[in-house]
Each structure stands twice: as structure tokens, then as C-alpha cells.
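Just below is one structure, and these are the notes that go with it.
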Amino acid sequence: MSKKFLFGLILGLVFLVSAVLWLLSVCLEETFGWFTLGWAAVLLAGGFGLTFVLRGVFEKTVVPLKKFYIYFGAGFFVVALFALIGELSLPGKLVMPIIAVILAAAVLIAFLAVRGKKWDQGDNQNAGYKNYYQRKEEEQKKAEAEARDSEGKNKE
């Protein structure tokens, strides 16, 4: 099973679970009456946020795309927070610190996911890199050695 398929499957399952719970809240008010559209938004945004963050962490792709997935997931967490605030009527002074914690966690997770690599790191910053002149010199030495070897074989 590919990661892309698994990612889509999880997003679809999160959407299906929230829709079914919302339907049950309408049909069975005495049991599921607590589940409103706001709770569905919390579940959707939280599930999507978690899925995107996990995709960013485990994706084997270029650094900017990994960071995008993680920051996009953090955006979903902020949406989930606002929906949760609407449902629980949290005090306004608690909102900004929670958003700051979510964003700080997203930056830290993104840094850990890419292991501090820069996406624009050049080849010359890699260990064992040889510039044009060093490669040409090695090619010339190799060609001279092959020429000497072939001359030695021709004399025999």
C-alpha cells in the first residue's frame, strides 16, 4: 500500500467518521445530542491536522514539501482550536497562547523532520565534493595511467 493511498484513506475515514457521528446526533438526539456541527469541525480539522503533520514527518521527499505538510497540518490544528473554542466557550485570553504553542510545536516538528537540512544546500557543501579542476586532474591522471598500461601491453 503506497503512502499516498494511505494518506487519502485516512483523510477519507476521518471525514466519514465525523459525518456519521453528525448523522447519529441528528437521528439519535438522546444518545449523540452532544455531537454538533462544531464538534464535527473539531474532529475534521484535528484529524486532518494530525494526518498532514504525520505525512510531513514520514514523507521521504524534498525539504520544502515536508515543511509545507507540517505547517499545513498546524494550520488545521489552529482551525480545530477555533472550533473547540466555539464549542467549549474557552476564555479569550487562553486562545493566543494555545496558538503560539501549536505554531512553536509545528516549527520544532518541521525542524526535526528535516533533521536541520537546508533545501538549497549545494553540492560543494557535501563531504568529499570535488570541484571541476580536481575532477579534470583525476581524469587526466587516469587517462595517462591507462595510456601507460596500454603501451606496456603493446610492447609485450
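Note on naming: chains are A, B, ... as they come in the C-alpha cells, residues start from 1 per chain, ligands start from 1 in the order shown.
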>> I'd like the contact shell of stretch 60-70 of chain A - 8 Å cut-off, only C-alpha atoms, skipping same-chain residues fewer than 3 positions apart - returned as a PyMOL selection string.
In response: chain A and resi 52-57+73-74+106+109-110+113-114+117-119
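Take the candidates A:Leu9, A:Ser2, A:Phe76, A:Gly86 and check each one against A:Thr36 using only C-alpha atoms; the shortest distance goes to A:Gly86.
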> Could you pull out the helix (DSSP H, G or I) residues of chain A from DSSP and send them as a ChimeraX atom specification?
Replying inline: /A:3-27,29-32,37-58,63-88,92-114,123-125,132-155
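Among the candidates A:Leu16, A:Leu88, A:Ile102, A:Ala147, the one nearest to A:Leu43 when counting only C-alpha atoms is A:Leu16.
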>> As an exercise, work out the distance from atom CA of A:Ile99 to atom CA of A:Ile85 in Å and give it to one decimal place.
In response: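 Computed distance, atom CA of A:Ile99 to atom CA of A:Ile85, equals 11.6 Å.
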> How many Å lie between atom CA of A:Gly12 and atom CA of A:Tyr71, rounded to one decimal?
Replying inline: 20.5 Å
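Taking atom CA of A:Phe35 and atom CA of A:Val17 as endpoints, the distance between them is 11.9 Å.
Of the residues listed (A:Gly46, A:Gly8, A:Gly128, A:Gly33), A:Gly46 shows the shortest atom-to-atom separation from A:Leu81; distances use only C-alpha atoms.
Of the listed residues (A:Val78, A:Leu23, A:Ile10, A:Ala83), A:Ala83 comes nearest to A:Val42; the distances count only C-alpha atoms.
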